[in-house]
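Raw run_35.txt, compact mmCIF, C-alpha atoms:
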```
# COMPACT_ATOMS: atom_id res chain seq x y z
CA MET T 1 0.00 0.00 0.00
CA LYS T 2 1.64 3.20 -1.24
CA LEU T 3 0.27 5.41 1.53
CA GLU T 4 0.88 3.10 4.47
CA GLY T 5 1.81 5.09 7.56
CA LYS T 6 0.53 8.38 6.11
CA VAL T 7 -2.21 10.62 7.50
CA ALA T 8 -4.45 12.59 5.15
CA LEU T 9 -6.88 15.41 5.87
CA VAL T 10 -9.69 15.52 3.30
CA THR T 11 -11.98 18.53 3.55
CA GLY T 12 -15.62 18.10 2.62
CA SER T 13 -15.34 14.32 2.86
CA SER T 14 -18.86 13.48 4.03
CA GLN T 15 -20.17 12.86 0.51
CA GLY T 16 -19.44 12.89 -3.20
CA ILE T 17 -15.89 13.32 -4.46
CA GLY T 18 -14.50 13.97 -0.98
CA GLN T 19 -15.88 10.73 0.40
CA ALA T 20 -14.54 8.74 -2.56
CA ILE T 21 -11.10 10.30 -2.07
CA ALA T 22 -11.07 9.56 1.67
CA VAL T 23 -12.01 5.92 1.08
CA HIS T 24 -9.48 5.48 -1.75
CA LEU T 25 -6.64 6.94 0.34
CA ALA T 26 -7.62 4.63 3.20
CA LYS T 27 -7.53 1.61 0.90
CA ASP T 28 -4.03 2.73 -0.08
CA GLY T 29 -2.99 2.69 3.60
CA ALA T 30 -3.60 6.21 4.95
CA ASP T 31 -5.44 7.18 8.12
CA ILE T 32 -8.00 9.90 7.42
CA VAL T 33 -9.19 13.12 9.03
CA ILE T 34 -12.78 13.42 7.82
CA ASP T 35 -14.05 16.99 7.65
CA TYR T 36 -17.68 17.99 7.21
CA ARG T 37 -19.73 21.14 7.62
CA SER T 38 -23.40 20.08 7.58
CA HIS T 39 -23.67 16.33 6.85
CA PRO T 40 -22.81 14.44 10.06
CA ASP T 41 -24.48 11.25 8.87
CA GLY T 42 -22.39 11.34 5.71
CA ALA T 43 -19.24 11.82 7.77
CA LYS T 44 -20.15 8.75 9.83
CA ASP T 45 -20.68 6.80 6.62
CA THR T 46 -17.22 7.86 5.42
CA LEU T 47 -15.74 6.80 8.74
CA ASN T 48 -17.38 3.38 8.47
CA LYS T 49 -15.92 2.94 4.97
CA VAL T 50 -12.46 4.06 6.10
CA GLU T 51 -12.56 1.59 8.98
CA ALA T 52 -13.81 -1.16 6.65
CA ALA T 53 -10.64 -0.53 4.63
CA GLY T 54 -8.64 -1.29 7.78
CA ARG T 55 -7.62 2.27 8.59
CA ASN T 56 -8.42 4.77 11.33
CA GLY T 57 -10.50 7.89 10.91
CA LEU T 58 -11.32 11.04 12.85
CA ILE T 59 -14.44 13.13 12.19
CA VAL T 60 -14.12 16.91 12.68
CA GLN T 61 -16.88 19.43 11.99
CA ALA T 62 -15.57 22.71 10.57
CA ASP T 63 -16.83 25.63 8.50
CA LEU T 64 -13.99 26.41 6.11
CA SER T 65 -15.14 29.99 5.66
CA SER T 66 -13.93 30.56 9.24
CA VAL T 67 -10.16 30.78 9.72
CA ALA T 68 -10.57 29.81 13.37
CA ASP T 69 -12.43 26.64 12.34
CA VAL T 70 -9.76 25.84 9.76
CA GLN T 71 -7.00 26.14 12.33
CA ARG T 72 -8.97 23.99 14.79
CA LEU T 73 -9.49 21.34 12.10
CA VAL T 74 -5.79 21.03 11.29
CA LYS T 75 -4.84 21.07 14.97
CA ALA T 76 -7.37 18.32 15.78
CA GLY T 77 -5.94 16.06 13.10
CA ILE T 78 -2.36 16.56 14.30
CA GLU T 79 -3.27 16.02 17.95
CA HIS T 80 -5.22 12.83 17.21
CA PHE T 81 -2.81 11.14 14.79
CA GLY T 82 0.43 12.81 15.83
CA LYS T 83 1.09 14.19 12.36
CA LEU T 84 -0.34 15.11 8.97
CA ASP T 85 1.28 14.18 5.64
CA ILE T 86 -1.35 14.95 3.02
CA LEU T 87 -3.93 17.71 2.60
CA VAL T 88 -6.75 17.34 0.09
CA ASN T 89 -8.66 20.61 -0.32
CA ASN T 90 -11.92 19.22 -1.64
CA ALA T 91 -14.67 21.23 0.09
CA GLY T 92 -16.44 23.68 -2.18
CA VAL T 93 -19.72 25.26 -3.23
CA ASP T 94 -20.91 26.30 -6.68
CA GLY T 95 -23.17 29.18 -5.66
CA LYS T 96 -26.36 30.37 -7.30
CA ASN T 97 -27.07 30.31 -11.02
CA ALA T 98 -27.33 34.06 -11.61
CA ASP T 99 -26.70 36.69 -14.24
CA PHE T 100 -23.59 38.71 -13.42
CA TRP T 101 -25.62 41.88 -12.86
CA ASP T 102 -27.77 40.12 -10.25
CA ILE T 103 -24.99 38.63 -8.08
CA THR T 104 -25.24 39.86 -4.49
CA GLU T 105 -22.41 40.45 -2.07
CA ALA T 106 -23.71 37.59 0.08
CA ASP T 107 -23.72 35.18 -2.88
CA TYR T 108 -20.17 36.20 -3.80
CA ASP T 109 -18.92 35.86 -0.24
CA THR T 110 -20.47 32.40 0.16
CA VAL T 111 -18.54 31.04 -2.83
CA LEU T 112 -15.21 32.82 -2.40
CA ASN T 113 -15.06 32.33 1.38
CA VAL T 114 -15.24 28.55 1.03
CA ASN T 115 -13.62 27.85 -2.34
CA LEU T 116 -10.70 30.27 -2.14
CA LYS T 117 -10.33 31.75 1.35
CA GLY T 118 -11.03 28.42 3.02
CA THR T 119 -8.60 26.57 0.79
CA MET T 120 -5.91 29.19 1.26
CA PHE T 121 -6.03 29.20 5.05
CA THR T 122 -6.38 25.42 5.38
CA THR T 123 -3.26 25.16 3.23
CA GLN T 124 -1.53 27.82 5.31
CA ALA T 125 -2.26 25.98 8.58
CA PHE T 126 -0.99 22.72 7.07
CA VAL T 127 2.19 24.37 5.76
CA GLN T 128 2.83 26.10 9.08
CA TYR T 129 2.65 22.69 10.76
CA LEU T 130 5.02 21.10 8.23
CA ILE T 131 7.56 23.89 8.62
CA GLY T 132 7.43 23.73 12.41
CA ALA T 133 7.75 19.94 12.42
CA LYS T 134 10.44 20.01 9.70
CA ARG T 135 8.40 17.64 7.54
CA THR T 136 7.61 17.45 3.84
CA GLY T 137 4.07 17.04 2.57
CA LYS T 138 1.64 16.93 -0.32
CA ILE T 139 -1.25 19.24 -1.10
CA ILE T 140 -3.93 18.31 -3.65
CA ASN T 141 -6.66 20.79 -4.51
CA ILE T 142 -9.93 19.73 -6.11
CA SER T 143 -10.39 22.51 -8.61
CA SER T 144 -12.65 22.38 -11.69
CA THR T 145 -12.53 22.60 -15.46
CA HIS T 146 -13.84 26.09 -14.77
CA GLU T 147 -10.42 27.24 -13.65
CA GLU T 148 -9.95 27.43 -17.43
CA MET T 149 -13.38 27.14 -19.06
CA ALA T 150 -16.03 29.86 -19.02
CA PHE T 151 -19.30 29.02 -17.25
CA PRO T 152 -21.82 31.83 -17.81
CA HIS T 153 -24.05 32.68 -14.82
CA PHE T 154 -21.50 31.22 -12.38
CA THR T 155 -18.93 34.02 -12.42
CA SER T 156 -18.08 33.84 -8.72
CA TYR T 157 -17.47 30.10 -8.97
CA CYS T 158 -15.19 30.51 -11.99
CA MET T 159 -13.30 33.29 -10.21
CA SER T 160 -12.75 31.07 -7.20
CA LYS T 161 -11.37 28.22 -9.29
CA GLY T 162 -9.23 30.55 -11.39
CA GLY T 163 -7.79 31.93 -8.16
CA LEU T 164 -7.11 28.41 -6.96
CA LYS T 165 -5.18 27.68 -10.14
CA MET T 166 -2.95 30.72 -9.58
CA MET T 167 -2.51 29.93 -5.89
CA THR T 168 -1.31 26.46 -6.83
CA ARG T 169 1.19 27.76 -9.37
CA ASN T 170 2.52 30.38 -6.97
CA LEU T 171 2.86 28.00 -4.03
CA ALA T 172 4.60 25.39 -6.17
CA VAL T 173 7.44 27.92 -6.50
CA GLU T 174 7.29 29.16 -2.92
CA LEU T 175 7.05 25.75 -1.24
CA GLY T 176 9.22 23.66 -3.52
CA SER T 177 12.43 24.22 -1.58
CA LEU T 178 10.64 22.94 1.53
CA GLY T 179 9.85 19.62 -0.10
CA ILE T 180 6.13 20.42 -0.27
CA THR T 181 4.31 19.74 -3.53
CA ILE T 182 0.95 21.20 -4.55
CA ASN T 183 -1.24 20.24 -7.50
CA ASN T 184 -4.79 20.64 -8.77
CA VAL T 185 -7.20 17.97 -9.94
CA ALA T 186 -9.89 19.53 -12.13
CA PRO T 187 -13.05 17.43 -12.52
CA GLY T 188 -15.59 18.07 -15.24
CA ALA T 189 -19.25 17.08 -14.88
CA ILE T 190 -19.42 14.53 -12.07
CA VAL T 191 -22.36 12.63 -10.57
CA THR T 192 -22.46 14.14 -7.07
CA PRO T 193 -25.14 15.60 -4.76
CA ILE T 194 -24.17 19.11 -5.90
CA ASN T 195 -25.47 18.18 -9.39
CA THR T 196 -28.80 16.70 -8.28
CA LYS T 197 -30.86 19.34 -10.10
CA LEU T 198 -29.00 18.68 -13.37
CA LEU T 199 -29.29 14.92 -13.00
CA ASN T 200 -33.07 15.27 -12.71
CA ASP T 201 -33.36 17.45 -15.84
CA ARG T 202 -33.28 14.99 -18.73
CA VAL T 203 -33.08 17.67 -21.46
CA LYS T 204 -30.11 19.51 -19.92
CA LEU T 205 -28.42 16.25 -18.96
CA ASP T 206 -28.65 14.85 -22.51
CA ALA T 207 -27.34 18.13 -23.94
CA LEU T 208 -24.36 18.02 -21.59
CA LYS T 209 -23.57 14.42 -22.47
CA GLN T 210 -23.41 15.43 -26.13
CA ASN T 211 -20.56 17.78 -25.17
CA ILE T 212 -18.60 14.98 -23.49
CA PRO T 213 -16.66 12.83 -25.98
CA LEU T 214 -16.81 9.81 -23.66
CA GLY T 215 -20.59 10.17 -23.59
CA ARG T 216 -21.18 10.11 -19.84
CA LEU T 217 -20.75 12.09 -16.66
CA GLY T 218 -17.88 11.09 -14.43
CA THR T 219 -18.17 9.50 -11.02
CA PRO T 220 -16.34 10.33 -7.79
CA GLU T 221 -14.41 7.10 -8.29
CA ASP T 222 -13.06 8.52 -11.57
CA ILE T 223 -11.43 11.32 -9.57
CA SER T 224 -9.99 9.57 -6.52
CA PRO T 225 -7.25 7.50 -8.27
CA MET T 226 -5.53 10.66 -9.53
CA VAL T 227 -5.60 12.16 -6.04
CA ALA T 228 -4.12 8.96 -4.61
CA PHE T 229 -1.36 9.07 -7.22
CA LEU T 230 -0.50 12.70 -6.44
CA ALA T 231 -0.46 11.87 -2.71
CA SER T 232 2.03 9.04 -3.24
CA SER T 233 5.80 9.01 -3.68
CA ASP T 234 5.22 8.23 -7.38
CA ALA T 235 4.39 11.93 -7.80
CA ASP T 236 7.35 13.36 -5.90
CA TYR T 237 8.56 15.33 -8.94
CA ILE T 238 5.17 16.80 -9.86
CA THR T 239 4.14 20.22 -8.57
CA GLY T 240 2.26 23.27 -9.82
CA ALA T 241 0.22 21.23 -12.30
CA THR T 242 -3.48 20.76 -13.01
CA PHE T 243 -4.78 17.34 -14.04
CA VAL T 244 -8.09 17.58 -15.89
CA ILE T 245 -10.51 14.65 -15.52
CA ASP T 246 -13.53 15.50 -17.65
CA GLY T 247 -14.08 12.84 -20.32
CA GLY T 248 -12.86 15.35 -22.93
CA LEU T 249 -15.46 18.01 -22.05
CA MET T 250 -13.05 20.97 -22.17
CA ARG T 251 -12.01 20.09 -25.72
CA ASN T 252 -15.59 19.85 -26.99
CA TYR T 253 -17.71 22.20 -24.86
CA HIS T 254 -20.01 24.83 -26.30
CA GLU T 255 -22.98 26.64 -24.83
CA GLN T 256 -26.37 25.41 -25.97
```
Rendering of file as structure tokens:
Amino acid sequence: MKLEGKVALVTGSSQGIGQAIAVHLAKDGADIVIDYRSHPDGAKDTLNKVEAAGRNGLIVQADLSSVADVQRLVKAGIEHFGKLDILVNNAGVDGKNADFWDITEADYDTVLNVNLKGTMFTTQAFVQYLIGAKRTGKIINISSTHEEMAFPHFTSYCMSKGGLKMMTRNLAVELGSLGITINNVAPGAIVTPINTKLLNDRVKLDALKQNIPLGRLGTPEDISPMVAFLASSDADYITGATFVIDGGLMRNYHEQ
């Protein structure tokens, strides 16, 4: 098992992509800090799956828009397991479908505070720990094809993912000499709870599938193997990169 003896913190791991990542990393040998904001039952389900894989888990509730919560989350993981080796910044929100001229300050803050501010300060707390403990580590951000691809009516979301892309590139340079790598995984259209409305709209779903060369939406299990690879020693010489997992969507997308 390539991650045996490692400890990974996966934010937003009570459902969807985050849960799949937590379970995959556990199957590869890592103990898992399971973070959730508002789905305690999902977090317990993730814990059960981590334990079924033979690893240990710790559930921590935290609102990533709060820096104090972020710092408490990282501290709890270190205190429980004695260390952290891997950070997966998965938690995120997509915000409201709205014309640019109708976006409110509250809508903007909701998206940017979780997707960008939360990711930045979770990463900062993790890096501060690594520096203090004189350890190396790996950071994997779950970004989106929309760090590159326009998505009309979701401007705040695209801004947050574009900012994440630049943060990753900048930190790859700043953290490289410390032995800390940072990379993005950018999913396309994935079957997760966040896409429930789309999945129940047959017309929009069929139109989207026509834009995907592989002819289907992805699953959380399509994403987790790449995260596990980037968390392993096989990826020691990879940093500052984005790995797109979208079935070819970015190369074929056009607005209907």
Would you pick out the contacts of region 143-146 of chain T at 7 Å or less, using all atoms listed in the file, so that residues sharing its chain but fewer than 5 positions from it are not included, and give the list as a list of chain:residue names?
T:Phe151, T:Cys158, T:Lys161, T:Leu164, T:Asn184, T:Val185, T:Ala186, T:Pro187, T:Gly188, T:Val244, T:Met250
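Separating CA of Leu171 (chain T) from CA of Asn183 (chain T) is a distance of 9.4 Å.
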Report the distance between CA of Gln61 (chain T) and CA of Gly18 (chain T) in Å, rounded to one decimal place.
14.3 Å
Distance CA of Met226 (chain T)-CA of Ile21 (chain T), one decimal place?
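Those two atoms sit 9.3 Å apart.
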Dump as a PyMOL selection string all residues having an atom at most 10 Å from (-17.5, 24.5, 9.2), computed in the file's coordinates with only C-alpha atoms.
chain T and resi 11-12+35-38+60-70+73+114+118
Show which residues sit within 9 Å of Tyr108 (chain T), as a ChimeraX atom specification. Count all atoms listed in the file, and ignore same-chain residues fewer than 3 positions away.
/T:95,103-105,111-113,155-157
How close does each residue of region 16-121 of chain T get to region 228-241 of chain T, giving the shortest atom pair and distance in Å to one decimal for every residue with an atom at most 10 Å away, counting all atoms listed in the file, sorted by chain and residue number, as a Markdown table?
```
| residue | atom | partner | partner_atom | distance |
| --- | --- | --- | --- | --- |
| T:Ile21 | CA | T:Ala228 | CA | 7.5 |
| T:Ala22 | CA | T:Ala228 | CA | 9.4 |
| T:His24 | CA | T:Ala228 | CA | 7.0 |
| T:Leu25 | CA | T:Ala228 | CA | 5.9 |
| T:Ala26 | CA | T:Ala228 | CA | 9.6 |
| T:Lys27 | CA | T:Ala228 | CA | 9.8 |
| T:Asp28 | CA | T:Ala228 | CA | 7.7 |
| T:Ala30 | CA | T:Ala228 | CA | 10.0 |
| T:Asp85 | CA | T:Ala231 | CA | 8.8 |
| T:Ile86 | CA | T:Ala231 | CA | 6.6 |
| T:Leu87 | CA | T:Ala231 | CA | 8.6 |
| T:Val88 | CA | T:Ala231 | CA | 8.8 |
```
Quick one: everything within 12 Å of Gln128 (chain T), counting all atoms listed in the file, minus sequence neighbours fewer than 6 positions away in the same chain. Send it as a VMD selection string.
chain T and resid 71 74 to 75 84 121 to 122 134 to 137 175 178 180
For a quick check of understanding, using all atoms listed in the file, which of T:Met120, T:Pro193, T:Met159, T:Lys6 has the smallest distance to His39 (chain T)?
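When distances to His39 (chain T) are compared using all atoms listed in the file, the smallest one comes from T:Pro193.
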Measuring between all atoms listed in the file, which one of T:Ala133, T:Leu47, T:Ala8, T:Ala52 shows the shortest distance to Ile32 (chain T)?
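Using all atoms listed in the file, the shortest distance to Ile32 (chain T) belongs to T:Ala8.
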Among the residues T:Arg202, T:Lys165, T:Asn195, T:Glu174, the one that comes closest to Phe243 (chain T) [using all atoms listed in the file]
T:Lys165
Spatial neighbours of Gly132 (chain T), max dist 12 Å, only C-alpha atoms, sep filter under 5 positions, as an mmCIF file with C-alpha atoms, in the frame of the given file:
```
data_model
loop_
_atom_site.group_PDB
_atom_site.id
_atom_site.type_symbol
_atom_site.label_atom_id
_atom_site.label_comp_id
_atom_site.auth_asym_id
_atom_site.auth_seq_id
_atom_site.Cartn_x
_atom_site.Cartn_y
_atom_site.Cartn_z
ATOM 1 C CA LYS T 83 1.090 14.190 12.360
ATOM 2 C CA ALA T 125 -2.260 25.980 8.580
ATOM 3 C CA PHE T 126 -0.990 22.720 7.070
ATOM 4 C CA VAL T 127 2.190 24.370 5.760
ATOM 5 C CA LEU T 178 10.640 22.940 1.530
#
```
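Shortest atom-to-atom contact with Gly162 (chain T) among T:Leu116, T:Val93, T:Ile245, T:Leu3: T:Leu116, counting only C-alpha atoms.
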Using all atoms listed in the file, can you list as an MDAnalysis selection string the residues within 6 Å of (-15.6, 13.2, -19.2)?
chainID T and resid 212 214 217:218 246:249
Please provide as a short mmCIF file (atom, residue, chain, number, x, y, z; two decimals) with C-alpha atoms, in the coordinates of the input all residues within 12 Å of region 203-205 of chain T, with the sequence filter that same-chain residues fewer than 5 positions apart are discarded (counting only C-alpha atoms).
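New file selection_2.cif:
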```
data_model
loop_
_atom_site.label_atom_id
_atom_site.label_comp_id
_atom_site.auth_asym_id
_atom_site.auth_seq_id
_atom_site.Cartn_x
_atom_site.Cartn_y
_atom_site.Cartn_z
CA ALA T 189 -19.25 17.08 -14.88
CA ILE T 190 -19.42 14.53 -12.07
CA VAL T 191 -22.36 12.63 -10.57
CA ASN T 195 -25.47 18.18 -9.39
CA THR T 196 -28.80 16.70 -8.28
CA LYS T 197 -30.86 19.34 -10.10
CA LEU T 198 -29.00 18.68 -13.37
CA GLN T 210 -23.41 15.43 -26.13
CA ASN T 211 -20.56 17.78 -25.17
CA ILE T 212 -18.60 14.98 -23.49
CA GLY T 215 -20.59 10.17 -23.59
CA ARG T 216 -21.18 10.11 -19.84
CA LEU T 217 -20.75 12.09 -16.66
CA GLU T 255 -22.98 26.64 -24.83
CA GLN T 256 -26.37 25.41 -25.97
#
```
